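S.K.: Got a structure for you, questions after.
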Amino acid sequence: MKKLTDILEEAFNQWDNAFTAKSKVAGIPTGISHVDSELTGLPLCSLTTIASRPGVGKTSLISSLIYNQAVHNHYCVAIFSLESHPREVLKRLLSIDSGIEESKIGRGELDEKERETINSSLGRFKECKIFIDGSHFLTIEDIMEATRNMVQENDVKVVYIDYLQLIGVKEMPYKSYTRHDELALIVRKLKMLANELSIAIVLVSQLNRNYLGREDGRTQPIFPKLKLSDLRESGAIEDNSDMVWLLSRPCTKDYEDEEGNDIRNKAVLDVAKNRYGTSFSVDLKCDMSTGKLYDWPYDFLYR
């Protein structure tokens with residue numbers, strides 16, 4: 001237990017550092033300027049959940065965040081990739097850094113200049129502190145133990161988990177339980193872990209299918225209007241997450257909006273829950289050939 005005066009001193013030091021810093025980012029920068037300006041980065045002691053439809057770009061988004069934090073801002077970052085092999089994670093990061101398509105890297109179809117570019121990227125990553133656990137089955141107990149060790153030994157500041165529905169539980173505190181109860185326990189433990197270690201945890205989650213066929217004023221909305229209730233096990237996730245980010249991309253064959261603008265490379269990131277302020281949305285540029293998401297060229301920030 002801490003005295004109030006100690007907490008005040010810690011808090012004011014953090015706020016003062018944010019005020020004097022040129023970047024004005026008190027937490028872990030995301031590299032997305034609109035998000036950083038609104039949130040001042042990912043706060044420490046926070047749990048953020050990112051969700052979207054399949055294939056929209058959740059993994060691309062967290063890969064972009066990891067790249068920005070580890071390469072550009074030199075933070076120690078860890079990712080538990082329960083779905084993808086560590087080589088796939090590395091391939092995404094190399095594609096983001098080099099600008100070379102993921103598919104070309106995977107097939108090895110690189111000319112001499114592209115090989116030089118990849119070698120330069122590899123050199124940059126050798127200087128970074130990125131830890132990848134590619135185990136296909138992990139329990140929440142495994143994740144907590146590994147995270148504590150990485151924080152103690154390597155000063156990890158942000159942890160990514162891809163994704164919630166693949167995490168298991170070794171032991172439940174009561175005999176009669178459902179998978180919903182397990183996932184609620186997992187999310188609660190992750191929030192407690194973020195507080196305990198003073199780190200930021202980012203959790204990827206699936207959506208349920210409620211958004212399919214929901215009337216939205218149009219028979220085929222260009223961007224689906226996602227809601228917090230669209231999260232699988234939404235109650236437990238929403239209650240324990242400090243922030244919930246919902247990512248969407250055009251879901252119709254018409255790649256122009258009502259004003260005729262080309263939106264094939266546009267994504268919308270909706271911060272639907274924000275314990276640190278108001279909800280807001282930002283438009284992102286989405287380069288799916290390299291798996292990179294970044295600031296839209298125009299200044300779109302709306303509430």
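Every chain in the structure tokens has a letter given in the order shown (A, B, ...), and although residue numbers restart at 1 in each chain, ligands are simply numbered from 1 in the order shown.
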So that I can check the surroundings of Val89 of chain A, please list as an NGL selection string every protein, DNA and RNA residue that reaches within 12 Å of it, counting only C-alpha atoms and ignoring chain neighbours fewer than 4 positions away.
M.R.: :A and (59-60 or 62-64 or 66-67 or 78-85 or 93-96 or 102 or 106 or 130-134 or 160 or 162 or 291)
S.K.: When you draw a straight line from atom CA of Ile263 of chain A to atom CA of Gly55 of chain A, how long is it in Å?
M.R.: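 Atom CA of Gly55 of chain A lies 16.8 Å from atom CA of Ile263 of chain A.
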S.K.: For the interface of segment 70-157 of chain A with segment 182-187 of chain A (cut-off 10 Å, counting only C-alpha atoms), please tabulate each contacting residue of segment 70-157 of chain A alongside its nearest pair of atoms and their separation in Å to one decimal, rows sorted by chain and increasing number, as CSV.
M.R.:
residue,atom,partner,partner_atom,distance
A:Thr139,CA,A:Ile186,CA,8.9
A:Ile140,CA,A:Ile186,CA,6.1
A:Glu141,CA,A:Ile186,CA,9.0
S.K.: Could you save those same residues with N, CA and C atoms as a JSON list (two decimals), in the first residue's frame?
M.R.:
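selection_9.json written:
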[["chain", "number", "residue", "atom", "x", "y", "z"],
["A", 139, "THR", "N", -1.56, -20.60, -21.57],
["A", 139, "THR", "CA", -2.57, -20.26, -20.58],
["A", 139, "THR", "C", -2.30, -18.86, -20.04],
["A", 140, "ILE", "N", -3.28, -18.30, -19.39],
["A", 140, "ILE", "CA", -3.08, -16.98, -18.80],
["A", 140, "ILE", "C", -1.98, -17.03, -17.75],
["A", 141, "GLU", "N", -1.86, -18.17, -17.07],
["A", 141, "GLU", "CA", -0.79, -18.32, -16.08],
["A", 141, "GLU", "C", 0.58, -18.28, -16.75]]
S.K.: Quick check, in Å to one decimal: how far apart do atom CA of Ile32 of chain A and atom CA of Asp295 of chain A lie?
M.R.: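 Going from atom CA of Ile32 of chain A over to atom CA of Asp295 of chain A, I get 5.7 Å.
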S.K.: Skipping near chain neighbours, those fewer than 4 positions away, what residues fall within 8 Å of segment 39-44 of chain A using only C-alpha atoms, listed as a VMD selection string?
M.R.: chain A and resid 24 to 30 35 157 194 to 195 198 to 200 276 to 277
S.K.: For N, CA and C atoms, I'd like the residues from the last selection saved as a PDB file, in the first residue's frame.
M.R.:
ATOM      1  N   LYS A  24       5.003  15.629 -26.231  1.00  0.00           N
ATOM      2  CA  LYS A  24       3.763  15.726 -25.463  1.00  0.00           C
ATOM      3  C   LYS A  24       3.102  14.361 -25.275  1.00  0.00           C
ATOM      4  N   VAL A  25       3.880  13.308 -25.303  1.00  0.00           N
ATOM      5  CA  VAL A  25       3.356  11.961 -25.116  1.00  0.00           C
ATOM      6  C   VAL A  25       3.846  11.431 -23.778  1.00  0.00           C
ATOM      7  N   ALA A  26       2.912  11.214 -22.847  1.00  0.00           N
ATOM      8  CA  ALA A  26       3.288  10.766 -21.511  1.00  0.00           C
ATOM      9  C   ALA A  26       3.425   9.254 -21.440  1.00  0.00           C
ATOM     10  N   GLY A  27       2.638   8.520 -22.248  1.00  0.00           N
ATOM     11  CA  GLY A  27       2.680   7.071 -22.219  1.00  0.00           C
ATOM     12  C   GLY A  27       3.603   6.516 -23.287  1.00  0.00           C
ATOM     13  N   ILE A  28       3.267   5.345 -23.800  1.00  0.00           N
ATOM     14  CA  ILE A  28       4.060   4.710 -24.848  1.00  0.00           C
ATOM     15  C   ILE A  28       3.531   5.189 -26.196  1.00  0.00           C
ATOM     16  N   PRO A  29       4.337   5.889 -26.997  1.00  0.00           N
ATOM     17  CA  PRO A  29       3.825   6.411 -28.272  1.00  0.00           C
ATOM     18  C   PRO A  29       3.348   5.297 -29.190  1.00  0.00           C
ATOM     19  N   THR A  30       2.281   5.572 -29.930  1.00  0.00           N
ATOM     20  CA  THR A  30       1.781   4.605 -30.902  1.00  0.00           C
ATOM     21  C   THR A  30       2.343   4.862 -32.290  1.00  0.00           C
ATOM     22  N   VAL A  35      -3.863   9.668 -32.569  1.00  0.00           N
ATOM     23  CA  VAL A  35      -4.073   8.890 -31.347  1.00  0.00           C
ATOM     24  C   VAL A  35      -3.176   9.395 -30.230  1.00  0.00           C
ATOM     25  N   LYS A 157       8.017  -2.703 -21.582  1.00  0.00           N
ATOM     26  CA  LYS A 157       7.050  -1.666 -21.236  1.00  0.00           C
ATOM     27  C   LYS A 157       5.669  -1.888 -21.837  1.00  0.00           C
ATOM     28  N   ALA A 194      -1.274  -5.558 -15.677  1.00  0.00           N
ATOM     29  CA  ALA A 194      -0.831  -4.239 -16.144  1.00  0.00           C
ATOM     30  C   ALA A 194      -0.627  -3.291 -14.969  1.00  0.00           C
ATOM     31  N   ASN A 195      -1.536  -3.328 -14.006  1.00  0.00           N
ATOM     32  CA  ASN A 195      -1.398  -2.484 -12.817  1.00  0.00           C
ATOM     33  C   ASN A 195      -0.197  -2.898 -11.977  1.00  0.00           C
ATOM     34  N   SER A 198       3.075  -2.011 -13.960  1.00  0.00           N
ATOM     35  CA  SER A 198       3.127  -0.654 -14.541  1.00  0.00           C
ATOM     36  C   SER A 198       3.540  -0.702 -16.010  1.00  0.00           C
ATOM     37  N   ILE A 199       2.833  -1.532 -16.767  1.00  0.00           N
ATOM     38  CA  ILE A 199       3.088  -1.651 -18.200  1.00  0.00           C
ATOM     39  C   ILE A 199       1.777  -1.428 -18.949  1.00  0.00           C
ATOM     40  N   ALA A 200       1.887  -1.312 -20.261  1.00  0.00           N
ATOM     41  CA  ALA A 200       0.696  -1.265 -21.119  1.00  0.00           C
ATOM     42  C   ALA A 200       0.516  -2.633 -21.761  1.00  0.00           C
ATOM     43  N   TYR A 276      -9.723   7.367 -20.167  1.00  0.00           N
ATOM     44  CA  TYR A 276      -8.882   8.534 -19.914  1.00  0.00           C
ATOM     45  C   TYR A 276      -9.436   9.808 -20.549  1.00  0.00           C
ATOM     46  N   GLY A 277     -10.582   9.705 -21.187  1.00  0.00           N
ATOM     47  CA  GLY A 277     -11.144  10.878 -21.839  1.00  0.00           C
ATOM     48  C   GLY A 277     -12.362  10.502 -22.648  1.00  0.00           C
TER      49      GLY A 277
END
